[in-house]
>>> print(open('final.txt').read())   # compact mmCIF, C-alpha atoms
# COMPACT_ATOMS: atom_id res chain seq x y z
CA MET A 1 7.53 15.80 6.40
CA HIS A 2 5.12 17.67 8.64
CA ALA A 3 2.59 15.29 10.20
CA GLN A 4 -0.32 17.55 9.27
CA LEU A 5 0.84 17.70 5.66
CA GLU A 6 1.08 13.91 5.59
CA LEU A 7 -2.50 13.73 6.81
CA LEU A 8 -3.59 16.29 4.22
CA MET A 9 -1.94 14.25 1.48
CA GLU A 10 -3.71 11.14 2.63
CA LEU A 11 -6.97 13.05 2.59
CA GLN A 12 -6.31 14.30 -0.91
CA ASP A 13 -5.46 10.82 -2.18
CA LEU A 14 -8.70 9.48 -0.69
CA ARG A 15 -10.62 12.33 -2.29
CA ALA A 16 -9.03 11.51 -5.63
CA GLN A 17 -10.10 7.88 -5.28
CA SER A 18 -13.63 8.84 -4.32
CA ARG A 19 -13.88 11.31 -7.18
CA ALA A 20 -12.59 8.72 -9.66
CA LEU A 21 -15.30 6.32 -8.56
CA ALA A 22 -17.86 8.93 -9.53
CA GLU A 23 -16.62 8.88 -13.13
CA GLU A 24 -18.47 6.47 -15.37
CA SER A 25 -15.40 4.99 -17.06
CA THR A 26 -13.70 4.20 -13.74
CA ARG A 27 -16.90 2.88 -12.18
CA GLN A 28 -17.45 0.54 -15.08
CA PHE A 29 -13.85 -0.68 -15.07
CA GLU A 30 -13.69 -1.28 -11.32
CA GLN A 31 -17.01 -3.08 -11.44
CA GLU A 32 -16.20 -5.30 -14.41
CA VAL A 33 -12.61 -6.21 -13.61
CA PHE A 34 -12.50 -6.14 -9.82
CA GLU A 35 -16.20 -6.64 -9.02
CA LEU A 36 -16.12 -3.51 -6.89
CA THR A 37 -19.41 -1.88 -5.93
CA PRO A 38 -18.59 1.77 -6.68
CA ASP A 39 -21.27 3.40 -4.52
CA GLU A 40 -20.40 1.31 -1.48
CA ALA A 41 -16.71 1.98 -2.03
CA ARG A 42 -17.35 5.71 -2.28
CA ALA A 43 -19.38 5.71 0.92
CA THR A 44 -16.53 3.93 2.71
CA LEU A 45 -13.98 6.38 1.36
CA ASP A 46 -16.08 9.42 2.21
CA ALA A 47 -16.57 8.19 5.78
CA LYS A 48 -12.81 7.74 6.11
CA ILE A 49 -12.23 11.22 4.71
CA ASP A 50 -14.51 12.74 7.35
CA GLU A 51 -12.82 10.73 10.08
CA LEU A 52 -9.32 11.81 9.01
CA ALA A 53 -10.35 15.46 8.57
CA ASP A 54 -11.38 15.50 12.21
CA GLU A 55 -7.79 14.64 13.11
CA LEU A 56 -6.44 17.86 11.58
CA GLU A 57 -5.36 20.67 13.88
CA PRO A 58 -8.15 23.26 14.23
CA ALA A 59 -6.57 25.96 12.05
CA VAL A 60 -5.63 23.50 9.32
CA ARG A 61 -9.02 21.80 9.54
CA THR A 62 -10.87 25.09 9.13
CA ARG A 63 -8.91 25.94 6.00
CA TYR A 64 -9.24 22.38 4.70
CA ARG A 65 -13.01 22.42 5.09
CA THR A 66 -13.30 25.82 3.43
CA LEU A 67 -11.24 24.67 0.46
CA ALA A 68 -12.92 21.26 0.28
CA GLY A 69 -16.29 22.96 0.09
CA SER A 70 -15.45 24.68 -3.16
CA MET A 71 -12.53 22.81 -4.75
CA GLU A 72 -11.92 19.22 -5.74
CA ARG A 73 -8.19 19.40 -5.10
CA VAL A 74 -7.23 20.98 -1.82
CA VAL A 75 -3.66 19.68 -1.66
CA VAL A 76 -1.62 20.10 -4.82
CA PRO A 77 1.95 19.43 -5.87
CA VAL A 78 4.43 22.17 -6.68
CA LEU A 79 6.43 21.18 -9.72
CA SER A 80 9.22 23.38 -11.05
CA GLY A 81 8.01 26.18 -8.81
CA VAL A 82 4.46 26.10 -10.17
CA CYS A 83 1.38 25.42 -8.06
CA TYR A 84 -0.52 22.63 -9.80
CA GLY A 85 -3.77 23.94 -8.42
CA CYS A 86 -3.84 27.33 -10.13
CA PHE A 87 -0.70 26.99 -12.30
CA VAL A 88 0.79 30.19 -10.97
CA ALA A 89 4.46 30.37 -9.91
CA THR A 90 4.85 30.05 -6.18
CA PRO A 91 7.85 31.08 -4.02
CA THR A 92 10.34 28.26 -3.61
CA ALA A 93 12.26 29.83 -0.75
CA TRP A 94 11.23 27.57 2.14
CA THR A 95 9.96 29.25 5.25
CA SER A 96 11.68 26.53 7.22
CA ARG A 97 15.44 25.97 7.26
CA SER A 98 14.90 22.23 7.30
CA GLY A 99 13.55 22.21 3.77
CA PRO A 100 10.33 21.68 1.88
CA ASN A 101 7.30 19.90 3.34
CA THR A 102 8.45 20.41 6.92
CA GLN A 103 5.71 23.00 7.38
CA VAL A 104 2.16 23.33 6.14
CA THR A 105 2.24 25.95 3.40
CA THR A 106 -0.43 27.32 1.10
CA CYS A 107 -0.42 28.95 -2.31
CA ASN A 108 -0.50 32.74 -2.14
CA HIS A 109 -2.71 32.80 -5.22
CA CYS A 110 -5.32 30.04 -4.81
CA GLY A 111 -4.93 29.18 -1.13
CA ARG A 112 -4.50 25.43 -1.65
CA PHE A 113 -2.16 23.42 0.54
CA LEU A 114 1.15 22.78 -1.19
CA TYR A 115 3.26 19.67 -1.45
CA TYR A 116 6.72 20.30 -2.89
CA VAL A 117 7.75 17.50 -5.22
CA ASP A 118 11.10 18.90 -6.29
CA MET B 1 0.27 3.36 -26.25
CA LYS B 2 2.69 0.48 -25.63
CA LEU B 3 2.93 -1.04 -22.17
CA ARG B 4 6.63 -1.69 -22.61
CA GLU B 5 7.28 2.06 -22.53
CA PHE B 6 6.07 2.28 -18.94
CA PHE B 7 8.24 -0.49 -17.49
CA SER B 8 11.89 -0.23 -16.56
CA ALA B 9 14.07 -3.21 -15.66
CA ASP B 10 14.65 -1.98 -12.11
CA ALA B 11 10.91 -1.99 -11.41
CA VAL B 12 10.61 -5.72 -12.12
CA GLU B 13 11.22 -8.44 -9.53
CA LEU B 14 10.74 -12.05 -10.57
CA ASP B 15 11.26 -13.51 -7.12
CA LEU B 16 9.45 -11.48 -4.49
CA LYS B 17 10.42 -12.25 -0.91
CA ALA B 18 7.02 -11.24 0.46
CA GLU B 19 4.95 -13.89 2.19
CA THR B 20 1.82 -11.84 2.80
CA LYS B 21 -0.31 -9.39 0.83
CA ASP B 22 0.86 -6.42 2.91
CA GLU B 23 4.49 -7.40 2.47
CA ALA B 24 3.94 -7.78 -1.26
CA LEU B 25 2.46 -4.29 -1.53
CA LYS B 26 5.44 -2.90 0.37
CA GLU B 27 7.94 -4.76 -1.78
CA LEU B 28 6.25 -3.68 -5.01
CA VAL B 29 6.28 -0.05 -3.85
CA SER B 30 9.97 -0.36 -3.01
CA LEU B 31 10.64 -1.11 -6.68
CA LEU B 32 9.62 2.46 -7.55
CA GLY B 33 12.61 4.00 -5.79
CA LEU B 34 10.66 6.59 -3.79
CA ASP B 35 11.79 8.11 -0.50
CA GLU B 36 10.77 6.35 2.70
CA LYS B 37 7.96 8.74 3.61
CA SER B 38 6.44 8.53 0.14
CA GLU B 39 6.61 4.74 0.30
CA THR B 40 4.74 4.76 3.61
CA ILE B 41 2.00 7.03 2.24
CA LEU B 42 1.66 4.96 -0.91
CA VAL B 43 1.48 1.59 0.86
CA LYS B 44 -1.19 3.01 3.14
CA MET B 45 -3.22 4.18 0.16
CA LEU B 46 -2.89 0.84 -1.64
CA LYS B 47 -4.06 -0.97 1.49
CA ARG B 48 -7.06 1.34 1.67
CA ARG B 49 -7.90 0.42 -1.92
CA GLU B 50 -7.53 -3.27 -1.13
CA ASN B 51 -9.86 -2.83 1.83
CA LEU B 52 -12.57 -1.69 -0.57
CA GLY B 53 -12.18 -4.91 -2.54
CA SER B 54 -9.25 -7.03 -3.63
CA THR B 55 -7.46 -6.16 -6.85
CA GLY B 56 -6.66 -9.85 -7.22
CA PHE B 57 -9.13 -10.49 -10.01
CA GLY B 58 -8.46 -14.18 -10.48
CA GLY B 59 -6.17 -16.42 -12.45
CA GLY B 60 -3.26 -15.74 -10.13
CA VAL B 61 -3.02 -12.04 -11.03
CA ALA B 62 -3.48 -8.86 -8.99
CA ILE B 63 -3.27 -5.25 -10.08
CA PRO B 64 -2.92 -3.08 -6.98
CA HIS B 65 -3.52 0.49 -8.06
CA CYS B 66 -4.29 3.98 -6.81
CA ARG B 67 -3.75 7.63 -7.45
CA SER B 68 -1.38 9.43 -5.12
CA LEU B 69 0.31 12.78 -4.72
CA VAL B 70 3.63 11.08 -4.04
CA VAL B 71 4.26 10.39 -7.72
CA LYS B 72 4.55 13.06 -10.36
CA ARG B 73 3.98 10.73 -13.31
CA LEU B 74 2.45 7.33 -13.86
CA ARG B 75 4.61 4.59 -12.35
CA VAL B 76 4.35 0.83 -12.76
CA ALA B 77 6.11 -2.20 -11.35
CA PHE B 78 5.82 -5.95 -11.70
CA GLY B 79 6.48 -8.60 -9.10
CA ARG B 80 6.27 -12.37 -9.31
CA LYS B 81 5.92 -14.78 -6.43
CA PRO B 82 6.40 -18.26 -7.91
CA ALA B 83 4.99 -20.01 -4.83
CA GLY B 84 2.02 -17.64 -4.77
CA LEU B 85 0.55 -15.78 -1.82
CA ALA B 86 -2.88 -15.14 -0.33
CA PHE B 87 -4.29 -11.92 -1.75
CA ASP B 88 -8.00 -12.29 -0.97
CA ALA B 89 -8.43 -12.73 -4.72
CA LEU B 90 -11.90 -12.96 -6.22
CA ASP B 91 -11.38 -16.65 -7.01
CA ASP B 92 -9.70 -17.30 -3.64
CA ALA B 93 -6.66 -18.65 -5.47
CA PRO B 94 -3.10 -17.61 -4.57
CA VAL B 95 -1.66 -14.70 -6.55
CA HIS B 96 1.60 -15.19 -8.43
CA HIS B 97 1.77 -12.10 -10.64
CA MET B 98 1.34 -8.55 -9.38
CA PHE B 99 1.28 -5.38 -11.44
CA LEU B 100 1.47 -2.14 -9.46
CA ILE B 101 0.10 1.04 -11.03
CA VAL B 102 0.24 4.47 -9.42
CA ALA B 103 -0.65 7.78 -11.00
CA PRO B 104 -0.79 11.36 -9.76
CA PRO B 105 -4.29 12.63 -8.88
CA LEU B 106 -4.26 14.95 -11.86
CA GLU B 107 -2.86 14.08 -15.27
CA VAL B 108 -2.88 17.42 -17.01
CA THR B 109 -2.02 16.73 -20.62
CA ASN B 110 -2.26 13.02 -21.29
CA PRO B 111 -4.42 10.86 -19.02
CA GLN B 112 -2.79 7.43 -18.87
CA TYR B 113 -3.97 5.84 -15.65
CA LEU B 114 -7.16 4.14 -16.78
CA PRO B 115 -5.86 3.21 -20.25
CA VAL B 116 -2.75 1.56 -18.75
CA LEU B 117 -4.84 -0.19 -16.12
CA GLY B 118 -7.10 -1.49 -18.88
CA LYS B 119 -4.19 -2.63 -21.03
CA ILE B 120 -2.60 -4.54 -18.19
CA ALA B 121 -5.91 -6.21 -17.30
CA GLN B 122 -6.36 -7.20 -20.94
CA PHE B 123 -2.76 -8.43 -21.15
CA CYS B 124 -3.26 -10.63 -18.08
CA LYS B 125 -6.42 -12.23 -19.38
CA ASP B 126 -4.50 -13.94 -22.18
CA PRO B 127 -3.81 -17.52 -20.97
CA ASP B 128 -0.63 -17.64 -23.00
CA VAL B 129 0.66 -14.55 -21.18
CA ILE B 130 0.07 -16.11 -17.77
CA SER B 131 1.88 -19.26 -18.78
CA ARG B 132 4.80 -17.24 -20.13
CA LEU B 133 4.92 -15.02 -17.03
CA SER B 134 5.30 -18.15 -14.94
CA GLY B 135 8.15 -19.40 -17.08
CA LEU B 136 10.19 -16.20 -17.23
CA ALA B 137 13.85 -16.61 -16.31
CA THR B 138 15.04 -13.03 -16.71
CA VAL B 139 13.73 -9.48 -16.52
CA ASP B 140 14.63 -9.02 -20.18
CA GLU B 141 12.26 -11.85 -21.03
CA PHE B 142 9.51 -10.03 -19.18
CA LEU B 143 10.17 -6.85 -21.14
CA LYS B 144 10.21 -8.85 -24.37
CA LEU B 145 6.88 -10.42 -23.47
CA LEU B 146 5.41 -6.96 -23.08
CA GLU B 147 6.73 -6.03 -26.49
CA ASP B 148 5.32 -9.19 -28.06
CA LYS B 149 1.94 -9.32 -26.40
CA ALA B 150 1.05 -5.79 -25.40
CA ALA B 151 1.89 -3.74 -28.44
>>> encode(input="final.txt", output="structure tokens")
Amino acid sequence: MHAQLELLMELQDLRAQSRALAEESTRQFEQEVFELTPDEARATLDAKIDELADELEPAVRTRYRTLAGSMERVVVPVLSGVCYGCFVATPTAWTSRSGPNTQVTTCNHCGRFLYYVD
Amino acid sequence: MKLREFFSADAVELDLKAETKDEALKELVSLLGLDEKSETILVKMLKRRENLGSTGFGGGVAIPHCRSLVVKRLRVAFGRKPAGLAFDALDDAPVHHMFLIVAPPLEVTNPQYLPVLGKIAQFCKDPDVISRLSGLATVDEFLKLLEDKAA
């Protein structure tokens, strides 16, 4: 897997966690069961997200920041040839001979970063 | 929704080898049968969640959980450490029973993550369940317990 894609996936997972902690049902559950303080946890996650984003290569970082400014999910899986960001079929012919996820690729339709699951 | 439907026998380990929290997270993730890179990403994410606050909520039980792109559907695993291990639990007691829950960031048709998390938490708060988890001799007994107590 391409190192930049790995970093993007980590960023997306952190974003998903942060977003979940903004939802009332998750906040309540995490607070009641695990005694988590949702706002503090979100602040920690958001700081980590900023820190990791700075580690992206300039071209990837620019695109990441553009997408992150307008979309919740900037890295999405491709399942059965479909981009799970815009749900439009995406080419499955890898641009690299070594297979999927060895390069950073984006959806031709929505521009999101793609992670090929199968 | 029945918890039993989410568990498979190969994702249950009644005698974890782990001696530390980090090792336990790694061993639980290994029960999911993911590729090495996905395992690394997932363990990292679970550790990040634990750094926010322990998922060991007391009574010898922990429910490490997170959402991650590395899974395409909700995955669960169960691990037991009879001797217990330090998990920074809320009650400072050793953790013996660990339920791992991982879901993709987006569940398009049927959101299951929070409901399953809630069901497992509820299941583990039954004192009879904890006592039976400790006494399990086989994986089949674990699956039967789920059928009996988490219908």
>>> atom_distance(input="final.txt", atom1="atom CA of Asn101 of chain A", atom2="atom CA of Asp54 of chain A")
21.1 Å
>>> interface_residues(input="final.txt", of="chain A", to="chain B", cutoff="9 Å", atoms="all atoms listed in the file", output="MDAnalysis selection string")
chainID A and resid 1 6 9:10 12:14 16:17 25:26 29 33:37 40:42 44:45 73 75:77 79 84 115 117
>>> write_last_selection(input="final.txt", atoms="C-alpha atoms", output="PDB file, in the coordinates of the input")
ATOM      1  CA  MET A   1       7.530  15.800   6.400  1.00  0.00           C
ATOM      2  CA  GLU A   6       1.080  13.910   5.590  1.00  0.00           C
ATOM      3  CA  MET A   9      -1.940  14.250   1.480  1.00  0.00           C
ATOM      4  CA  GLU A  10      -3.710  11.140   2.630  1.00  0.00           C
ATOM      5  CA  GLN A  12      -6.310  14.300  -0.910  1.00  0.00           C
ATOM      6  CA  ASP A  13      -5.460  10.820  -2.180  1.00  0.00           C
ATOM      7  CA  LEU A  14      -8.700   9.480  -0.690  1.00  0.00           C
ATOM      8  CA  ALA A  16      -9.030  11.510  -5.630  1.00  0.00           C
ATOM      9  CA  GLN A  17     -10.100   7.880  -5.280  1.00  0.00           C
ATOM     10  CA  SER A  25     -15.400   4.990 -17.060  1.00  0.00           C
ATOM     11  CA  THR A  26     -13.700   4.200 -13.740  1.00  0.00           C
ATOM     12  CA  PHE A  29     -13.850  -0.680 -15.070  1.00  0.00           C
ATOM     13  CA  VAL A  33     -12.610  -6.210 -13.610  1.00  0.00           C
ATOM     14  CA  PHE A  34     -12.500  -6.140  -9.820  1.00  0.00           C
ATOM     15  CA  GLU A  35     -16.200  -6.640  -9.020  1.00  0.00           C
ATOM     16  CA  LEU A  36     -16.120  -3.510  -6.890  1.00  0.00           C
ATOM     17  CA  THR A  37     -19.410  -1.880  -5.930  1.00  0.00           C
ATOM     18  CA  GLU A  40     -20.400   1.310  -1.480  1.00  0.00           C
ATOM     19  CA  ALA A  41     -16.710   1.980  -2.030  1.00  0.00           C
ATOM     20  CA  ARG A  42     -17.350   5.710  -2.280  1.00  0.00           C
ATOM     21  CA  THR A  44     -16.530   3.930   2.710  1.00  0.00           C
ATOM     22  CA  LEU A  45     -13.980   6.380   1.360  1.00  0.00           C
ATOM     23  CA  ARG A  73      -8.190  19.400  -5.100  1.00  0.00           C
ATOM     24  CA  VAL A  75      -3.660  19.680  -1.660  1.00  0.00           C
ATOM     25  CA  VAL A  76      -1.620  20.100  -4.820  1.00  0.00           C
ATOM     26  CA  PRO A  77       1.950  19.430  -5.870  1.00  0.00           C
ATOM     27  CA  LEU A  79       6.430  21.180  -9.720  1.00  0.00           C
ATOM     28  CA  TYR A  84      -0.520  22.630  -9.800  1.00  0.00           C
ATOM     29  CA  TYR A 115       3.260  19.670  -1.450  1.00  0.00           C
ATOM     30  CA  VAL A 117       7.750  17.500  -5.220  1.00  0.00           C
TER      31      VAL A 117
END
>>> atom_distance(input="final.txt", atom1="atom CA of Arg63 of chain A", atom2="atom CA of Pro38 of chain A")
29.0 Å
>>> closest_residue(input="final.txt", among="B:Leu16, B:Val102, B:Val29, B:Ile120", to="Pro82 of chain B", atoms="only C-alpha atoms")
B:Leu16
>>> atom_distance(input="final.txt", atom1="atom CA of Val95 of chain B", atom2="atom CA of Thr138 of chain B")
19.6 Å
>>> build_atoms(input="final.txt", residues="segment 116-146 of chain B", atoms="N, CA and C atoms", output="PDB file, in the coordinates of the input")
ATOM      1  N   VAL B 116      -3.817   2.520 -19.099  1.00  0.00           N
ATOM      2  CA  VAL B 116      -2.750   1.560 -18.750  1.00  0.00           C
ATOM      3  C   VAL B 116      -3.317   0.434 -17.884  1.00  0.00           C
ATOM      4  N   LEU B 117      -4.170   0.803 -16.963  1.00  0.00           N
ATOM      5  CA  LEU B 117      -4.840  -0.190 -16.120  1.00  0.00           C
ATOM      6  C   LEU B 117      -5.604  -1.176 -17.010  1.00  0.00           C
ATOM      7  N   GLY B 118      -6.317  -0.647 -17.966  1.00  0.00           N
ATOM      8  CA  GLY B 118      -7.100  -1.490 -18.880  1.00  0.00           C
ATOM      9  C   GLY B 118      -6.210  -2.391 -19.726  1.00  0.00           C
ATOM     10  N   LYS B 119      -5.108  -1.838 -20.199  1.00  0.00           N
ATOM     11  CA  LYS B 119      -4.190  -2.630 -21.030  1.00  0.00           C
ATOM     12  C   LYS B 119      -3.578  -3.772 -20.244  1.00  0.00           C
ATOM     13  N   ILE B 120      -3.207  -3.487 -19.008  1.00  0.00           N
ATOM     14  CA  ILE B 120      -2.600  -4.540 -18.190  1.00  0.00           C
ATOM     15  C   ILE B 120      -3.635  -5.628 -17.881  1.00  0.00           C
ATOM     16  N   ALA B 121      -4.858  -5.222 -17.571  1.00  0.00           N
ATOM     17  CA  ALA B 121      -5.910  -6.210 -17.300  1.00  0.00           C
ATOM     18  C   ALA B 121      -6.135  -7.091 -18.527  1.00  0.00           C
ATOM     19  N   GLN B 122      -6.163  -6.465 -19.679  1.00  0.00           N
ATOM     20  CA  GLN B 122      -6.360  -7.200 -20.940  1.00  0.00           C
ATOM     21  C   GLN B 122      -5.193  -8.157 -21.190  1.00  0.00           C
ATOM     22  N   PHE B 123      -3.992  -7.648 -20.978  1.00  0.00           N
ATOM     23  CA  PHE B 123      -2.760  -8.430 -21.150  1.00  0.00           C
ATOM     24  C   PHE B 123      -2.797  -9.685 -20.273  1.00  0.00           C
ATOM     25  N   CYS B 124      -3.268  -9.519 -19.049  1.00  0.00           N
ATOM     26  CA  CYS B 124      -3.260 -10.630 -18.080  1.00  0.00           C
ATOM     27  C   CYS B 124      -4.375 -11.632 -18.312  1.00  0.00           C
ATOM     28  N   LYS B 125      -5.319 -11.294 -19.142  1.00  0.00           N
ATOM     29  CA  LYS B 125      -6.420 -12.230 -19.380  1.00  0.00           C
ATOM     30  C   LYS B 125      -6.095 -13.211 -20.496  1.00  0.00           C
ATOM     31  N   ASP B 126      -4.943 -13.026 -21.123  1.00  0.00           N
ATOM     32  CA  ASP B 126      -4.500 -13.940 -22.180  1.00  0.00           C
ATOM     33  C   ASP B 126      -3.821 -15.146 -21.501  1.00  0.00           C
ATOM     34  N   PRO B 127      -4.386 -16.340 -21.645  1.00  0.00           N
ATOM     35  CA  PRO B 127      -3.810 -17.520 -20.970  1.00  0.00           C
ATOM     36  C   PRO B 127      -2.354 -17.773 -21.354  1.00  0.00           C
ATOM     37  N   ASP B 128      -2.006 -17.450 -22.572  1.00  0.00           N
ATOM     38  CA  ASP B 128      -0.630 -17.640 -23.000  1.00  0.00           C
ATOM     39  C   ASP B 128       0.323 -16.722 -22.216  1.00  0.00           C
ATOM     40  N   VAL B 129      -0.151 -15.510 -21.940  1.00  0.00           N
ATOM     41  CA  VAL B 129       0.660 -14.550 -21.180  1.00  0.00           C
ATOM     42  C   VAL B 129       0.938 -15.088 -19.780  1.00  0.00           C
ATOM     43  N   ILE B 130      -0.096 -15.603 -19.138  1.00  0.00           N
ATOM     44  CA  ILE B 130       0.070 -16.110 -17.770  1.00  0.00           C
ATOM     45  C   ILE B 130       1.079 -17.257 -17.749  1.00  0.00           C
ATOM     46  N   SER B 131       0.949 -18.133 -18.738  1.00  0.00           N
ATOM     47  CA  SER B 131       1.880 -19.260 -18.780  1.00  0.00           C
ATOM     48  C   SER B 131       3.310 -18.774 -19.015  1.00  0.00           C
ATOM     49  N   ARG B 132       3.445 -17.768 -19.870  1.00  0.00           N
ATOM     50  CA  ARG B 132       4.800 -17.240 -20.130  1.00  0.00           C
ATOM     51  C   ARG B 132       5.353 -16.450 -18.943  1.00  0.00           C
ATOM     52  N   LEU B 133       4.467 -15.750 -18.232  1.00  0.00           N
ATOM     53  CA  LEU B 133       4.920 -15.020 -17.030  1.00  0.00           C
ATOM     54  C   LEU B 133       5.489 -16.003 -16.012  1.00  0.00           C
ATOM     55  N   SER B 134       4.842 -17.147 -15.908  1.00  0.00           N
ATOM     56  CA  SER B 134       5.300 -18.150 -14.940  1.00  0.00           C
ATOM     57  C   SER B 134       6.655 -18.735 -15.334  1.00  0.00           C
ATOM     58  N   GLY B 135       6.917 -18.771 -16.616  1.00  0.00           N
ATOM     59  CA  GLY B 135       8.150 -19.400 -17.080  1.00  0.00           C
ATOM     60  C   GLY B 135       9.318 -18.453 -17.294  1.00  0.00           C
ATOM     61  N   LEU B 136       9.116 -17.167 -17.006  1.00  0.00           N
ATOM     62  CA  LEU B 136      10.190 -16.200 -17.230  1.00  0.00           C
ATOM     63  C   LEU B 136      11.441 -16.514 -16.407  1.00  0.00           C
ATOM     64  N   ALA B 137      12.598 -16.388 -17.047  1.00  0.00           N
ATOM     65  CA  ALA B 137      13.850 -16.610 -16.310  1.00  0.00           C
ATOM     66  C   ALA B 137      14.577 -15.297 -16.051  1.00  0.00           C
ATOM     67  N   THR B 138      14.334 -14.307 -16.878  1.00  0.00           N
ATOM     68  CA  THR B 138      15.040 -13.030 -16.710  1.00  0.00           C
ATOM     69  C   THR B 138      14.088 -11.845 -16.880  1.00  0.00           C
ATOM     70  N   VAL B 139      14.522 -10.700 -16.375  1.00  0.00           N
ATOM     71  CA  VAL B 139      13.730  -9.480 -16.520  1.00  0.00           C
ATOM     72  C   VAL B 139      13.612  -9.096 -18.003  1.00  0.00           C
ATOM     73  N   ASP B 140      14.673  -9.329 -18.746  1.00  0.00           N
ATOM     74  CA  ASP B 140      14.630  -9.020 -20.180  1.00  0.00           C
ATOM     75  C   ASP B 140      13.528  -9.811 -20.882  1.00  0.00           C
ATOM     76  N   GLU B 141      13.333 -11.040 -20.439  1.00  0.00           N
ATOM     77  CA  GLU B 141      12.260 -11.850 -21.030  1.00  0.00           C
ATOM     78  C   GLU B 141      10.888 -11.249 -20.726  1.00  0.00           C
ATOM     79  N   PHE B 142      10.779 -10.689 -19.534  1.00  0.00           N
ATOM     80  CA  PHE B 142       9.510 -10.030 -19.180  1.00  0.00           C
ATOM     81  C   PHE B 142       9.264  -8.833 -20.101  1.00  0.00           C
ATOM     82  N   LEU B 143      10.311  -8.040 -20.287  1.00  0.00           N
ATOM     83  CA  LEU B 143      10.170  -6.850 -21.140  1.00  0.00           C
ATOM     84  C   LEU B 143       9.863  -7.248 -22.581  1.00  0.00           C
ATOM     85  N   LYS B 144      10.461  -8.344 -23.011  1.00  0.00           N
ATOM     86  CA  LYS B 144      10.210  -8.850 -24.370  1.00  0.00           C
ATOM     87  C   LYS B 144       8.762  -9.318 -24.505  1.00  0.00           C
ATOM     88  N   LEU B 145       8.271  -9.954 -23.459  1.00  0.00           N
ATOM     89  CA  LEU B 145       6.880 -10.420 -23.470  1.00  0.00           C
ATOM     90  C   LEU B 145       5.921  -9.245 -23.636  1.00  0.00           C
ATOM     91  N   LEU B 146       6.229  -8.163 -22.941  1.00  0.00           N
ATOM     92  CA  LEU B 146       5.410  -6.960 -23.080  1.00  0.00           C
ATOM     93  C   LEU B 146       5.429  -6.466 -24.528  1.00  0.00           C
TER      94      LEU B 146
END
